[in-house]
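Undergrad: Below: one structure in C-alpha cells.
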Amino acid sequence: MTHLSTLYRQKIDAGELKPDPAQEAVLPHFDRIAEGLMAPPVKRGFFRKAAYEPVKGLYLWGGVGRGKSMLMDLFVDSLDGIPSRRVHFHAFMQEIHAKMHEARQNGVEDALAPVAAEVAESVRLLAFDEMQITDITDAMIVGRLFEALFAAGVTVITTSNRVPDDLYKNGLNRQLFLPFIDLIKAQMEVHEMVSPIDYRQHRLTGAQVYFAPVDAEARAQIRAIWQDLTGGGDAPPLTLEVKGREVTLPAFRNGVARATFYDLCGKMLGPGDYLALAGEVKVLIMEDIPRLSRNNFNEARRFVTLIDALYEAKVRLICSAAAQPEMLYVEGEGTFEFERTASRLREMQDKDWGSGGESGAP
C-alpha cells in the first residue's frame, strides 16, 4: 500500500494536481488510518481469537469543490487487499432501509442488528461521500447503525459540507439524534478543509455548458465534461424517495448527476421531487432536451419547474438541447411563461454563475 501523501506528491510531480495547503493538511489523517489498517491483528488472550485494533475514522467537511471526495477516492483506491467500500451516503442508507424491510418480512424483530452485522462482516473501512441527513427515518436509525459498525471495528471516513453539529439541523425530534453527533466526535477525527478554491467551479469557469443542437459533437463534449468532473469511475444510480415516490438519477458520482430530459421530465414528477433533487446534486448534466410545444406540454411544464428548482438552489446545469434557450418553446400555451425559463437558462451559462456562497458547483 502506498500512503496517500506519497500518491498526492506523485500526482503533483506528474502535473495531475496542483499543490494545495488545505488538501496537504488532511493527508496525515489518511496516512494514520492507513497505518492502522495495515497493522496485524492482535491476540488479547490465550483462548481468544486475534482481532484488529479499531482505527479512528475521519469526518472531513468543508465547502463544495475543495477536493474532499477526490482525496477520499484516492485513499480508497490505495487500500490494496483491505476490504473497503466507497458509497454515497444517501444511497447507502437506502440500502440499509431495503435490507431492514427484507429482514422484517422474514420475521426478524430487531431488523437493524442483522443488517449492521452483514455490513460489518463485509468491510473494514466504509467511505461515505456527502454525509447529510434530512430524512427522519435515517435520523432515527443512523445512531444505532454506526454504533454497531464501530463496535465491530469498522473504520468510517466521510465527507460532508456540514460540520457535525449542523447535521439534521432543525429536524423533527432532533434531540433523539444528538447522541449520534457525539458518537461521530468520539469515533472520528473531525477536520475542516478550508480553502478559497472551488476546483469544480474552476474547471467549468469559461467552459461551454449548453450544447445545441444535439449531435455527435455535443455528445462527445458532454462525455468529456462528465469524465473530467467525476474521474470516470463507477457511477451507480441514485434514487431519492419523496413522499412515497421515487426520483431516479441514472448516474451519480461526487455530487454530479447525469440524466436525460425524459428521465426527469417525462415522468409524473412535481415541485417536491425537483426540490429534493436540487438538494442532493451540485452539478446536473441533462441530455437531449427536445423542442417544446403543445404536443409535449406536460413535459415542458415539468421542465420549467425543474429549472426553477435548480436555479434557486444554484445547481450548475450542463445540458444538450435541440435548440438555443429562446428557440426551445416557440408555439403553444405557455410560451410567455417560458421566456423566464429561457432567461434563466442563459443566466446559468454565465461563467461566474453559482460560484458565490456555499451552493453552486460541487
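The chains in the C-alpha cells are called A, B, ... from first to last as shown; in each chain the residues are counted from 1, and the ligands are counted from 1 in the order shown.
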Which residues come within 9 Å of Lys169 (chain A), counting only C-alpha atoms, excluding same-chain residues fewer than 5 positions away, as a PDB file with N, CA and C atoms, in the first residue's frame?

TA:
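Wrote out_32.pdb, looks like this:
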```
ATOM      1  N   ILE A 133     -28.072  14.468   6.512  1.00  0.00           N
ATOM      2  CA  ILE A 133     -29.253  13.740   6.973  1.00  0.00           C
ATOM      3  C   ILE A 133     -30.426  14.705   7.017  1.00  0.00           C
ATOM      4  N   THR A 134     -31.395  14.452   6.169  1.00  0.00           N
ATOM      5  CA  THR A 134     -32.594  15.285   6.103  1.00  0.00           C
ATOM      6  C   THR A 134     -33.854  14.487   6.360  1.00  0.00           C
ATOM      7  N   ARG A 174     -35.113  16.204  16.860  1.00  0.00           N
ATOM      8  CA  ARG A 174     -33.659  16.224  16.717  1.00  0.00           C
ATOM      9  C   ARG A 174     -32.943  15.824  18.000  1.00  0.00           C
TER      10      ARG A 174
END
```

Undergrad: Determine which residues of region 147-279 of chain A DSSP labels as helix (DSSP H, G or I) from the backbone of this structure, then write them out as a PyMOL selection string.

TA: chain A and resi 147-151+164-166+174-176+178-187+199-204+216-230+261-265+271-279

Undergrad: Between A:Gly143, A:Pro236, A:Gly15, A:Pro41, which has the minimum distance to Val87 (chain A) (counting only C-alpha atoms)?

TA: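 Ranking A:Gly143, A:Pro236, A:Gly15, A:Pro41 by distance to Val87 (chain A), first place goes to A:Pro236.
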
Undergrad: So the first atom is CA of Asp228 (chain A) and the second is CA of Ala207 (chain A); what is the distance between them in Å, to one decimal place?

TA: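 Rounded to one decimal, the two atoms are 12.1 Å apart.
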
Undergrad: Grab the CA of Leu17 (chain A) to CA of Gly57 (chain A) distance for me, in Å with one decimal place.

TA: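 We find that CA of Leu17 (chain A) and CA of Gly57 (chain A) lie 25.1 Å from each other.
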
Undergrad: Looking at only C-alpha atoms, which of A:Leu37, A:Val115, A:Cys265, A:Ile157 is the one that sits closest to Glu189 (chain A)?

TA: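 Once distances to Glu189 (chain A) are computed over only C-alpha atoms, the minimum belongs to A:Ile157.
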
Undergrad: Excluding same-chain residues fewer than 2 positions from Phe146 (chain A), what lies within 12 Å of it counting only C-alpha atoms, as a VMD selection string?

TA: chain A and resid 57 93 96 112 to 113 115 to 117 119 to 120 126 138 to 144 148 to 157 179 to 184 186 to 188

Undergrad: Save the residues we just selected, C-alpha atoms, as a PDB file, in the first residue's frame?

TA:
```pdb
ATOM      1  CA  GLY A  57     -12.018   7.351  11.335  1.00  0.00           C
ATOM      2  CA  MET A  93     -28.956   4.483   3.775  1.00  0.00           C
ATOM      3  CA  ILE A  96     -29.988  -0.227   4.806  1.00  0.00           C
ATOM      4  CA  LEU A 112     -31.221  -3.387  12.175  1.00  0.00           C
ATOM      5  CA  ALA A 113     -28.980  -5.836  14.084  1.00  0.00           C
ATOM      6  CA  VAL A 115     -28.187  -5.745   8.655  1.00  0.00           C
ATOM      7  CA  ALA A 116     -25.431  -3.950  10.576  1.00  0.00           C
ATOM      8  CA  ALA A 117     -23.685  -7.271  11.210  1.00  0.00           C
ATOM      9  CA  VAL A 119     -22.168  -4.760   6.620  1.00  0.00           C
ATOM     10  CA  ALA A 120     -19.519  -5.134   9.327  1.00  0.00           C
ATOM     11  CA  LEU A 126     -16.534   2.415   4.830  1.00  0.00           C
ATOM     12  CA  ASP A 138     -32.474   7.961   8.521  1.00  0.00           C
ATOM     13  CA  ALA A 139     -32.065  10.114  11.616  1.00  0.00           C
ATOM     14  CA  MET A 140     -33.808   7.583  13.844  1.00  0.00           C
ATOM     15  CA  ILE A 141     -31.606   4.607  12.924  1.00  0.00           C
ATOM     16  CA  VAL A 142     -28.234   6.052  11.965  1.00  0.00           C
ATOM     17  CA  GLY A 143     -27.010   6.244  15.590  1.00  0.00           C
ATOM     18  CA  ARG A 144     -27.623   2.569  16.331  1.00  0.00           C
ATOM     19  CA  ALA A 148     -22.858  -1.325  15.770  1.00  0.00           C
ATOM     20  CA  LEU A 149     -20.336  -0.696  12.979  1.00  0.00           C
ATOM     21  CA  PHE A 150     -17.840   0.972  15.307  1.00  0.00           C
ATOM     22  CA  ALA A 151     -18.277  -1.804  17.900  1.00  0.00           C
ATOM     23  CA  ALA A 152     -17.450  -4.338  15.176  1.00  0.00           C
ATOM     24  CA  GLY A 153     -14.224  -2.490  14.364  1.00  0.00           C
ATOM     25  CA  VAL A 154     -15.308  -0.856  11.094  1.00  0.00           C
ATOM     26  CA  THR A 155     -13.458   2.375  10.313  1.00  0.00           C
ATOM     27  CA  VAL A 156     -15.545   5.142   8.764  1.00  0.00           C
ATOM     28  CA  ILE A 157     -14.412   8.034   6.593  1.00  0.00           C
ATOM     29  CA  PRO A 179     -26.153  11.190  20.573  1.00  0.00           C
ATOM     30  CA  PHE A 180     -25.122  10.340  17.002  1.00  0.00           C
ATOM     31  CA  ILE A 181     -23.243  13.638  16.749  1.00  0.00           C
ATOM     32  CA  ASP A 182     -21.410  12.786  19.980  1.00  0.00           C
ATOM     33  CA  LEU A 183     -20.620   9.349  18.539  1.00  0.00           C
ATOM     34  CA  ILE A 184     -19.080  10.920  15.435  1.00  0.00           C
ATOM     35  CA  ALA A 186     -15.740  10.208  19.687  1.00  0.00           C
ATOM     36  CA  GLN A 187     -15.039   7.756  16.855  1.00  0.00           C
ATOM     37  CA  MET A 188     -13.834  10.057  14.070  1.00  0.00           C
TER      38      MET A 188
END
```

Undergrad: Please determine, counting only C-alpha atoms, which residue among A:Trp61, A:Gly255, A:Gln94, A:Ala224 has the shortest atom-to-atom distance to Leu167 (chain A).

TA: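 Among the listed residues, the smallest separation from Leu167 (chain A) belongs to A:Trp61.
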
Undergrad: Closest to Ser122 (chain A) among A:Val64, A:Ile82, A:Ala91, A:Leu74, using only C-alpha atoms?

TA: A:Ile82

Undergrad: Mind listing the strand (DSSP E) residues of region 54-138 of chain A, per DSSP on the backbone, as a PDB file with N, CA and C atoms, in the first residue's frame?

TA:
```pdb
ATOM      1  N   GLY A  57     -11.713   6.906  12.683  1.00  0.00           N
ATOM      2  CA  GLY A  57     -12.018   7.351  11.335  1.00  0.00           C
ATOM      3  C   GLY A  57     -11.803   8.838  11.128  1.00  0.00           C
ATOM      4  N   LEU A  58     -12.442   9.377  10.086  1.00  0.00           N
ATOM      5  CA  LEU A  58     -12.247  10.775   9.708  1.00  0.00           C
ATOM      6  C   LEU A  58     -13.547  11.360   9.180  1.00  0.00           C
ATOM      7  N   TYR A  59     -13.921  12.504   9.728  1.00  0.00           N
ATOM      8  CA  TYR A  59     -15.069  13.266   9.245  1.00  0.00           C
ATOM      9  C   TYR A  59     -14.501  14.534   8.608  1.00  0.00           C
ATOM     10  N   LEU A  60     -14.494  14.555   7.278  1.00  0.00           N
ATOM     11  CA  LEU A  60     -13.857  15.629   6.529  1.00  0.00           C
ATOM     12  C   LEU A  60     -14.936  16.548   5.959  1.00  0.00           C
ATOM     13  N   TRP A  61     -14.964  17.775   6.437  1.00  0.00           N
ATOM     14  CA  TRP A  61     -16.024  18.670   5.994  1.00  0.00           C
ATOM     15  C   TRP A  61     -15.439  19.991   5.516  1.00  0.00           C
ATOM     16  N   GLY A  62     -16.252  20.696   4.731  1.00  0.00           N
ATOM     17  CA  GLY A  62     -15.831  21.987   4.208  1.00  0.00           C
ATOM     18  C   GLY A  62     -16.684  22.369   3.020  1.00  0.00           C
ATOM     19  N   SER A  84     -12.866  -2.752   1.623  1.00  0.00           N
ATOM     20  CA  SER A  84     -13.380  -1.398   1.809  1.00  0.00           C
ATOM     21  C   SER A  84     -14.480  -1.133   0.789  1.00  0.00           C
ATOM     22  N   ARG A  85     -15.243  -0.117   1.070  1.00  0.00           N
ATOM     23  CA  ARG A  85     -16.308   0.261   0.151  1.00  0.00           C
ATOM     24  C   ARG A  85     -16.488   1.761   0.178  1.00  0.00           C
ATOM     25  N   ARG A  86     -16.608   2.347  -0.996  1.00  0.00           N
ATOM     26  CA  ARG A  86     -16.877   3.767  -1.143  1.00  0.00           C
ATOM     27  C   ARG A  86     -18.285   3.912  -1.716  1.00  0.00           C
ATOM     28  N   VAL A  87     -19.142   4.683  -1.068  1.00  0.00           N
ATOM     29  CA  VAL A  87     -20.541   4.785  -1.486  1.00  0.00           C
ATOM     30  C   VAL A  87     -21.094   6.147  -1.066  1.00  0.00           C
ATOM     31  N   HIS A  88     -22.023   6.660  -1.853  1.00  0.00           N
ATOM     32  CA  HIS A  88     -22.703   7.897  -1.463  1.00  0.00           C
ATOM     33  C   HIS A  88     -23.575   7.607  -0.254  1.00  0.00           C
ATOM     34  N   LEU A 125     -13.354  -0.915   6.147  1.00  0.00           N
ATOM     35  CA  LEU A 125     -13.459   0.526   6.015  1.00  0.00           C
ATOM     36  C   LEU A 125     -14.639   0.897   5.132  1.00  0.00           C
ATOM     37  N   LEU A 126     -15.440   1.842   5.606  1.00  0.00           N
ATOM     38  CA  LEU A 126     -16.534   2.415   4.830  1.00  0.00           C
ATOM     39  C   LEU A 126     -16.205   3.868   4.543  1.00  0.00           C
ATOM     40  N   ALA A 127     -16.295   4.252   3.270  1.00  0.00           N
ATOM     41  CA  ALA A 127     -16.034   5.634   2.880  1.00  0.00           C
ATOM     42  C   ALA A 127     -17.321   6.211   2.301  1.00  0.00           C
ATOM     43  N   PHE A 128     -17.876   7.193   2.979  1.00  0.00           N
ATOM     44  CA  PHE A 128     -19.143   7.801   2.556  1.00  0.00           C
ATOM     45  C   PHE A 128     -18.876   9.162   1.931  1.00  0.00           C
ATOM     46  N   ASP A 129     -19.514   9.405   0.814  1.00  0.00           N
ATOM     47  CA  ASP A 129     -19.439  10.714   0.194  1.00  0.00           C
ATOM     48  C   ASP A 129     -20.694  11.504   0.542  1.00  0.00           C
TER      49      ASP A 129
END
```

Undergrad: One decimal, in Å: what's the spacing between CA of Val42 (chain A) and CA of Thr6 (chain A)?

TA: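 Result for CA of Val42 (chain A) versus CA of Thr6 (chain A): 27.6 Å, one decimal.
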
Undergrad: Using only C-alpha atoms, which protein or nucleic acid residues come within 8 Å of region 294-298 of chain A? Drop anything in the same chain fewer than 3 positions from it, and give the result as a compact mmCIF listing (two decimals) with N, CA and C atoms, in the first residue's frame.

TA:
```txt
# COMPACT_ATOMS: atom_id res chain seq x y z
N ARG A 301 -43.92 21.79 -18.95
CA ARG A 301 -44.26 22.38 -17.66
C ARG A 301 -43.35 21.82 -16.56
N ARG A 302 -43.06 20.53 -16.61
CA ARG A 302 -42.15 19.94 -15.62
C ARG A 302 -40.74 20.52 -15.79
N GLU A 331 -44.10 27.89 -29.70
CA GLU A 331 -45.52 27.91 -30.04
C GLU A 331 -46.31 27.10 -29.04
N GLY A 332 -47.53 27.53 -28.80
CA GLY A 332 -48.41 26.82 -27.89
C GLY A 332 -48.56 27.54 -26.56
N GLU A 333 -49.51 27.04 -25.76
CA GLU A 333 -49.77 27.62 -24.45
C GLU A 333 -48.52 27.57 -23.57
```

Undergrad: For Thr2 (chain A), work out the shell of residues within 9 Å, counting only C-alpha atoms and skipping chain neighbours fewer than 6 positions away, then give it as a ChimeraX atom specification.

TA: /A:34,78-80

Undergrad: As a list in words, please: the residues near region 338-348 of chain A (cut-off 10 Å, only C-alpha atoms, same-chain neighbours under 6 positions excluded).

TA: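 Near neighbours after the sequence-gap exclusion: Val209, Tyr210, Leu292, Ala300, Arg301, Phe303, Val304, Thr305, Leu306, Ile307, Asp308, Leu310, Tyr311, Lys314, Val315, Arg316, Leu317, Ile318, Cys319, Gln324, Pro325, Glu326, Met327, Leu328, Tyr329, Val330 and Gly354 of chain A.
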
Undergrad: Measuring between only C-alpha atoms, which one of A:Gly334, A:Phe89, A:His191, A:Val163 shows the shortest distance to Thr239 (chain A)?

TA: A:Phe89
